[in-house]
Amino acid sequence: MPYPIRIENNPFQPGYGVQPPVMAGRDQLKKELQGRLYSLSKGICNPTAIVLTGPRGCGKTTLLGWILAETTMRHLPLVVMASDSITSPAAIAREMARQFPPKLLERVRGFNLNIGPTGGSIDLIDQNQEVQDGELKTWMEALGSEGTGGVILVDEAHTMSPKTGHIFYTAAQSVAMRHSLMLVIAGTPDLKMVLRRSHVTFSERLQEERIGRLSRCEALRALTEPFDSGVIWQEDALTTVIDETQNYPYFIQLWGKSIWNQLASIPDMYKVDMNVVSEAKVVVAEQLAKLYKRRFKELVETNLIVPIAEMVWRVGEGGKPSEYDFELAVQHLEVDMDRTMAQQKLLHSSFVWEPSSDIWEYGIPSLDDHIRSESARHLLTNLRIKGIVPALQSVSAQFGTSSNYNRLISREKLLDTINNNQHANGISPQAYLEDPLDEFLSLNLLAKGDSPDHIRMMAPLLVQATVTEAVRQGLAPEVLPNADTPSTSY
């Protein structure tokens with residue numbers, strides 16, 4: 001008789017950083033990390049830092065948790081930090097001291113801190129006091145000189161400022177050359193760019209591990225192994241669920257939890273069939289809708305929704321992004337920032353990333369479908385509030401439906417088209433209190449050319465989708481009377 005399936009025994013707990021019941025797909029990396037920890041315990045120096053990068057929901061924090069458990073099991077000194085404790089060198093020093101093993105505190109008496117009695121509380125330096133790399137080295141040297149080595153884990157390392165990063169990483173690298181110290185940091189796909197901005201010499205010599213989706217075989221293992229061997233999966237049900245997870249670790253946890261709870265709700269139910277899957281999908285769909293809504297809101301708040309929505313419309317339904325799509329989005333962002341910051345901002349969103357050389361994918365599966373369905377409506381709502389939907393239709397007609405991002409049209413010609421179409425549709429020329437082109441420029445739908453008198457369309461596909469939605473909702477005429485025929489002339 002299989003073990004009873006109860007809701008309170010559900011091993012699947014979806015959440016960022018929560019340990020899954022089966023950590024599939026990371027076996028080789030775990031073996032390598034175990035080897036590093038073994039060498040560390042023997043006092044062997046290895047200055048190569050380990051960097052875990054990837055989108056949210058793929059298991060970076062989970063891996064850090066596994067390393068923590070392995071380190072604790074080996075009784076190695078350990079310090080764990082995250083975004084709230086890496087805001088400055090002083091904050092890092094406070095966190096290292098707070099977690100420091102009491103028996104090692106004697107080794108840092110040279111540090112300019114009031115340590116107090118061994119094993120007691122530590123009165124640390126003031127929040128605003130400067131901490132130099134030499135002082136951080138003192139802590140790190142003590143951590144790595146026990147004879148068994150020490151470990152520093154840093155989560156959300158992409159949030160560390162370049163100035164703080166330079167001091168911290170330079171100190172860590174220097175100490176690891178002479179002491180057994182292992183540094184593992186994790187962050188979003190822009191982490192390597194953050195390290196380069198910190199001007200640390202190890203940024204090109206680190207061990208980078210890209211943590212992304214699993215293989216289909218690994219996804220099957222992660223989903224099915226936590227269930228009792230007496231649970232039978234019908235082939236069509238298992239295939240459907242694995243297809244739905246798209247091999248994304250967070251989705252696997254969502255589906256595992258929902259399937260488990262569905263089985264638990266039916267007495268003596270140990271078979272996963274399509275009925276169980278259908279009921280579980282209702283719950284999963286609700287969770288995904290909330291997730292996609294949050295991510296969409298984040299893209300809006302960080303002013304990324306227009307270039308990313310344009311990417312989505314360009315790639316098309318079911319398509320995969322490429323380096324070309326990434327570069328076009330970077331060029332879009334370069335209107336407001338330099339190229340390096342544009343690349344970093346786009347990678348930080350985790351919407352698109354490069355899991356292996358020359359292979360690109362969306363960070364969160366199917367988020368592109370949500371953006372495709374919501375971006376035009378979102379933009380249309382904002383333009384409708386400002387009363388400039390007809391103006392956008394005029395501009396769209398002038399540029400045409402082509403995705404030619406290099407075409408330039410004079411500002412004067414665009415304004416003439418807007419005014420002519422206003423008149424043709426019974427809209428007063430005074431209807432716009434401000435120049436609608438300025439609003440389109442501020443939204444990054446348009447951008448100024450090399451000459452401020454000429455304008456480039458930055459998001460032709462998103463604009464066309466928005467105009468189509470406006471026509472569908474009856475907010476704009478299907479055909480603009482007297483609209484100029486798009487041409488290549490200024």
# chains A, B, ... in the order shown; residues from 1 in each chain; ligands from 1

call {"tool": "select_by_dssp", "arguments": {"residues": "region 137-243 of chain A", "states": "helix (DSSP H, G or I)", "output": "PyMOL selection string"}}
result
chain A and resi 137-143+157-159+162-176+191-197+201-204+216-224+235-243

call {"tool": "write_last_selection", "arguments": {"atoms": "C-alpha atoms", "output": "PDB file, in the first residue's frame"}}
result
ATOM      1  CA  LYS A 137      40.922  41.063   4.682  1.00  0.00           C
ATOM      2  CA  THR A 138      41.426  40.643   8.410  1.00  0.00           C
ATOM      3  CA  TRP A 139      38.031  39.004   8.748  1.00  0.00           C
ATOM      4  CA  MET A 140      38.528  36.868   5.643  1.00  0.00           C
ATOM      5  CA  GLU A 141      41.983  35.726   6.666  1.00  0.00           C
ATOM      6  CA  ALA A 142      40.637  34.606  10.029  1.00  0.00           C
ATOM      7  CA  LEU A 143      37.795  32.778   8.277  1.00  0.00           C
ATOM      8  CA  ALA A 157      25.217  39.818  -5.652  1.00  0.00           C
ATOM      9  CA  HIS A 158      23.990  41.902  -8.599  1.00  0.00           C
ATOM     10  CA  THR A 159      22.740  44.465  -6.059  1.00  0.00           C
ATOM     11  CA  PRO A 162      30.656  48.835  -7.978  1.00  0.00           C
ATOM     12  CA  LYS A 163      32.506  50.698  -5.217  1.00  0.00           C
ATOM     13  CA  THR A 164      31.588  48.166  -2.537  1.00  0.00           C
ATOM     14  CA  GLY A 165      32.197  45.305  -4.955  1.00  0.00           C
ATOM     15  CA  HIS A 166      35.688  46.528  -5.752  1.00  0.00           C
ATOM     16  CA  ILE A 167      36.675  46.587  -2.078  1.00  0.00           C
ATOM     17  CA  PHE A 168      34.997  43.276  -1.212  1.00  0.00           C
ATOM     18  CA  TYR A 169      36.052  41.195  -4.232  1.00  0.00           C
ATOM     19  CA  THR A 170      39.596  42.553  -4.285  1.00  0.00           C
ATOM     20  CA  ALA A 171      39.974  41.585  -0.632  1.00  0.00           C
ATOM     21  CA  ALA A 172      38.469  38.126  -1.215  1.00  0.00           C
ATOM     22  CA  GLN A 173      40.741  37.410  -4.167  1.00  0.00           C
ATOM     23  CA  SER A 174      43.845  38.544  -2.309  1.00  0.00           C
ATOM     24  CA  VAL A 175      43.036  36.404   0.726  1.00  0.00           C
ATOM     25  CA  ALA A 176      42.103  33.322  -1.345  1.00  0.00           C
ATOM     26  CA  LEU A 191      25.970  39.734 -12.626  1.00  0.00           C
ATOM     27  CA  LYS A 192      29.112  39.409 -14.755  1.00  0.00           C
ATOM     28  CA  MET A 193      28.564  42.939 -16.068  1.00  0.00           C
ATOM     29  CA  VAL A 194      28.203  44.162 -12.473  1.00  0.00           C
ATOM     30  CA  LEU A 195      31.528  42.506 -11.648  1.00  0.00           C
ATOM     31  CA  ARG A 196      33.232  44.175 -14.601  1.00  0.00           C
ATOM     32  CA  ARG A 197      31.912  47.551 -13.443  1.00  0.00           C
ATOM     33  CA  THR A 201      40.618  41.401 -11.911  1.00  0.00           C
ATOM     34  CA  PHE A 202      38.998  38.010 -11.318  1.00  0.00           C
ATOM     35  CA  SER A 203      35.915  38.880 -13.401  1.00  0.00           C
ATOM     36  CA  GLU A 204      37.398  37.102 -16.438  1.00  0.00           C
ATOM     37  CA  ARG A 216      13.132  17.125 -20.184  1.00  0.00           C
ATOM     38  CA  CYS A 217      14.553  14.012 -18.515  1.00  0.00           C
ATOM     39  CA  GLU A 218      15.625  16.037 -15.483  1.00  0.00           C
ATOM     40  CA  ALA A 219      12.206  17.713 -15.319  1.00  0.00           C
ATOM     41  CA  LEU A 220      10.543  14.290 -15.265  1.00  0.00           C
ATOM     42  CA  ARG A 221      12.710  13.254 -12.354  1.00  0.00           C
ATOM     43  CA  ALA A 222      12.087  16.460 -10.404  1.00  0.00           C
ATOM     44  CA  LEU A 223       8.328  16.049 -10.824  1.00  0.00           C
ATOM     45  CA  THR A 224       7.820  12.332 -10.260  1.00  0.00           C
ATOM     46  CA  GLU A 235       1.367   8.580 -19.995  1.00  0.00           C
ATOM     47  CA  ASP A 236      -0.853  11.300 -21.465  1.00  0.00           C
ATOM     48  CA  ALA A 237      -1.157  13.010 -18.072  1.00  0.00           C
ATOM     49  CA  LEU A 238       2.609  12.998 -17.471  1.00  0.00           C
ATOM     50  CA  THR A 239       3.350  14.265 -20.977  1.00  0.00           C
ATOM     51  CA  THR A 240       0.821  17.082 -20.541  1.00  0.00           C
ATOM     52  CA  VAL A 241       2.267  18.220 -17.223  1.00  0.00           C
ATOM     53  CA  ILE A 242       5.890  18.148 -18.399  1.00  0.00           C
ATOM     54  CA  ASP A 243       4.918  20.124 -21.504  1.00  0.00           C
TER      55      ASP A 243
END

call {"tool": "residues_around", "arguments": {"residues": "Ile44 (chain A)", "least_positions_apart": "5", "cutoff": "12 Å", "atoms": "only C-alpha atoms", "output": "list of chain:residue names"}}
result
A:Gly35, A:Arg36, A:Leu37, A:Tyr38, A:Ser39, A:Gly144, A:Ser145, A:Glu146, A:Gly147, A:Thr148, A:Gly149, A:Gly150, A:Ala176, A:Met177, A:Arg178, A:His179, A:Ser180, A:Leu181, A:Met182

call {"tool": "residues_around", "arguments": {"residues": "region 296-302 of chain A", "least_positions_apart": "6", "cutoff": "10 Å", "atoms": "only C-alpha atoms", "output": "PyMOL selection string"}}
result
chain A and resi 290+308-309+345-346+349+351+367-368+370-371+374-375+378

call {"tool": "write_last_selection", "arguments": {"atoms": "N, CA and C atoms", "output": "tab-separated table (two decimals), in the first residue's frame"}}
result
chain	number	residue	atom	x	y	z
A	290	LYS	N	-1.06	35.40	-11.56
A	290	LYS	CA	-0.52	36.35	-10.58
A	290	LYS	C	0.96	36.65	-10.86
A	308	ILE	N	10.65	45.61	-24.64
A	308	ILE	CA	10.43	44.18	-24.49
A	308	ILE	C	9.18	43.74	-25.25
A	309	ALA	N	8.12	44.54	-25.20
A	309	ALA	CA	6.91	44.20	-25.97
A	309	ALA	C	7.22	44.21	-27.46
A	345	LYS	N	20.66	46.58	-17.71
A	345	LYS	CA	19.26	46.72	-17.30
A	345	LYS	C	18.40	45.63	-17.94
A	346	LEU	N	18.63	45.36	-19.20
A	346	LEU	CA	17.84	44.36	-19.90
A	346	LEU	C	18.11	42.96	-19.35
A	349	SER	N	16.52	42.29	-15.90
A	349	SER	CA	15.09	41.97	-15.89
A	349	SER	C	14.84	40.47	-15.97
A	351	PHE	N	14.17	38.84	-18.41
A	351	PHE	CA	13.18	38.50	-19.42
A	351	PHE	C	13.80	37.66	-20.52
A	367	LEU	N	5.91	34.05	-20.38
A	367	LEU	CA	5.69	35.45	-20.04
A	367	LEU	C	5.54	36.28	-21.30
A	368	ASP	N	6.20	35.86	-22.37
A	368	ASP	CA	6.09	36.57	-23.65
A	368	ASP	C	4.65	36.53	-24.17
A	370	HIS	N	1.95	36.45	-22.34
A	370	HIS	CA	1.18	37.40	-21.53
A	370	HIS	C	1.45	38.84	-21.99
A	371	ILE	N	2.71	39.13	-22.27
A	371	ILE	CA	3.05	40.48	-22.73
A	371	ILE	C	2.43	40.76	-24.08
A	374	GLU	N	-1.20	41.60	-23.45
A	374	GLU	CA	-1.54	42.73	-22.59
A	374	GLU	C	-0.88	44.05	-22.98
A	375	SER	N	0.25	44.02	-23.69
A	375	SER	CA	1.02	45.25	-23.91
A	375	SER	C	0.26	46.28	-24.72
A	378	HIS	N	-2.48	47.76	-22.60
A	378	HIS	CA	-1.90	48.65	-21.58
A	378	HIS	C	-1.54	50.00	-22.18

call {"tool": "residues_around", "arguments": {"residues": "region 262-275 of chain A", "least_positions_apart": "5", "cutoff": "10 Å", "atoms": "only C-alpha atoms", "output": "list in words"}}
result
Met1, Pro2, Tyr3, Pro4, Ile5, Arg6, Ile7, Glu8, Asn9, Asn10, Phe227, Asp228, Ser229, Gly230, Val231, Ile232, Trp233, Gln234, Glu235, Asp236, Ala237, Leu238, Thr240, Val241, Gly256, Lys257, Ala280, Lys281 and Val283 of chain A

call {"tool": "closest_residue", "arguments": {"among": "A:Pro436, A:Ile252, A:Tyr292, A:Ser410", "to": "Pro21 (chain A)", "atoms": "only C-alpha atoms"}}
result
A:Ile252

call {"tool": "closest_residue", "arguments": {"among": "A:Val151, A:Met160, A:Ala397, A:Leu136", "to": "Ser85 (chain A)", "atoms": "only C-alpha atoms"}}
result
A:Met160

call {"tool": "residues_around", "arguments": {"residues": "region 448-456 of chain A", "least_positions_apart": "6", "cutoff": "10 Å", "atoms": "only C-alpha atoms", "output": "list in words"}}
result
Val335, Phe399, Asn404, Tyr405, Asn406, Arg407, Leu408, Ile409, Ser410, Arg411, Glu412, Lys413, Leu414, Leu437, Leu441 and Tyr490 of chain A

call {"tool": "write_last_selection", "arguments": {"atoms": "N, CA and C atoms", "output": "short mmCIF file (atom, residue, chain, number, x, y, z; two decimals), in the first residue's frame"}}
result
data_model
loop_
_atom_site.label_atom_id
_atom_site.label_comp_id
_atom_site.auth_asym_id
_atom_site.auth_seq_id
_atom_site.Cartn_x
_atom_site.Cartn_y
_atom_site.Cartn_z
N VAL A 335 18.56 55.16 -26.08
CA VAL A 335 18.01 56.51 -26.22
C VAL A 335 18.17 57.27 -24.90
N PHE A 399 4.44 56.00 -40.89
CA PHE A 399 5.60 55.12 -40.92
C PHE A 399 5.30 53.80 -41.63
N ASN A 404 10.89 48.50 -40.15
CA ASN A 404 12.14 49.15 -40.54
C ASN A 404 12.48 50.19 -39.47
N TYR A 405 13.43 49.84 -38.58
CA TYR A 405 13.74 50.70 -37.44
C TYR A 405 14.66 51.87 -37.82
N ASN A 406 15.12 51.90 -39.07
CA ASN A 406 16.06 52.95 -39.47
C ASN A 406 15.40 54.10 -40.23
N ARG A 407 14.12 53.99 -40.52
CA ARG A 407 13.45 55.01 -41.32
C ARG A 407 13.25 56.28 -40.52
N LEU A 408 13.52 57.41 -41.14
CA LEU A 408 13.36 58.72 -40.51
C LEU A 408 12.30 59.52 -41.25
N ILE A 409 11.49 60.26 -40.49
CA ILE A 409 10.49 61.16 -41.06
C ILE A 409 10.60 62.49 -40.32
N SER A 410 10.43 63.59 -41.03
CA SER A 410 10.57 64.90 -40.41
C SER A 410 9.44 65.14 -39.41
N ARG A 411 9.75 65.83 -38.36
CA ARG A 411 8.75 66.15 -37.33
C ARG A 411 7.61 66.97 -37.94
N GLU A 412 7.96 67.89 -38.83
CA GLU A 412 6.95 68.74 -39.46
C GLU A 412 5.95 67.91 -40.26
N LYS A 413 6.45 66.93 -40.98
CA LYS A 413 5.56 66.08 -41.78
C LYS A 413 4.63 65.26 -40.89
N LEU A 414 5.16 64.75 -39.78
CA LEU A 414 4.33 63.98 -38.86
C LEU A 414 3.24 64.85 -38.24
N LEU A 437 3.64 64.24 -30.19
CA LEU A 437 4.92 63.62 -30.52
C LEU A 437 5.84 63.58 -29.30
N LEU A 441 7.59 60.33 -27.77
CA LEU A 441 9.03 60.30 -27.53
C LEU A 441 9.33 59.90 -26.09
N TYR A 490 11.61 62.30 -46.63
CA TYR A 490 11.43 63.09 -45.42
C TYR A 490 10.26 64.05 -45.59
#

call {"tool": "closest_residue", "arguments": {"among": "A:Leu392, A:Ala97, A:Leu333, A:Ala342", "to": "Ala447 (chain A)", "atoms": "only C-alpha atoms"}}
result
A:Leu333

call {"tool": "residues_around", "arguments": {"residues": "Gln99 (chain A)", "least_positions_apart": "2", "cutoff": "10 Å", "atoms": "only C-alpha atoms", "output": "PyMOL selection string"}}
result
chain A and resi 77-81+94-97+101-102
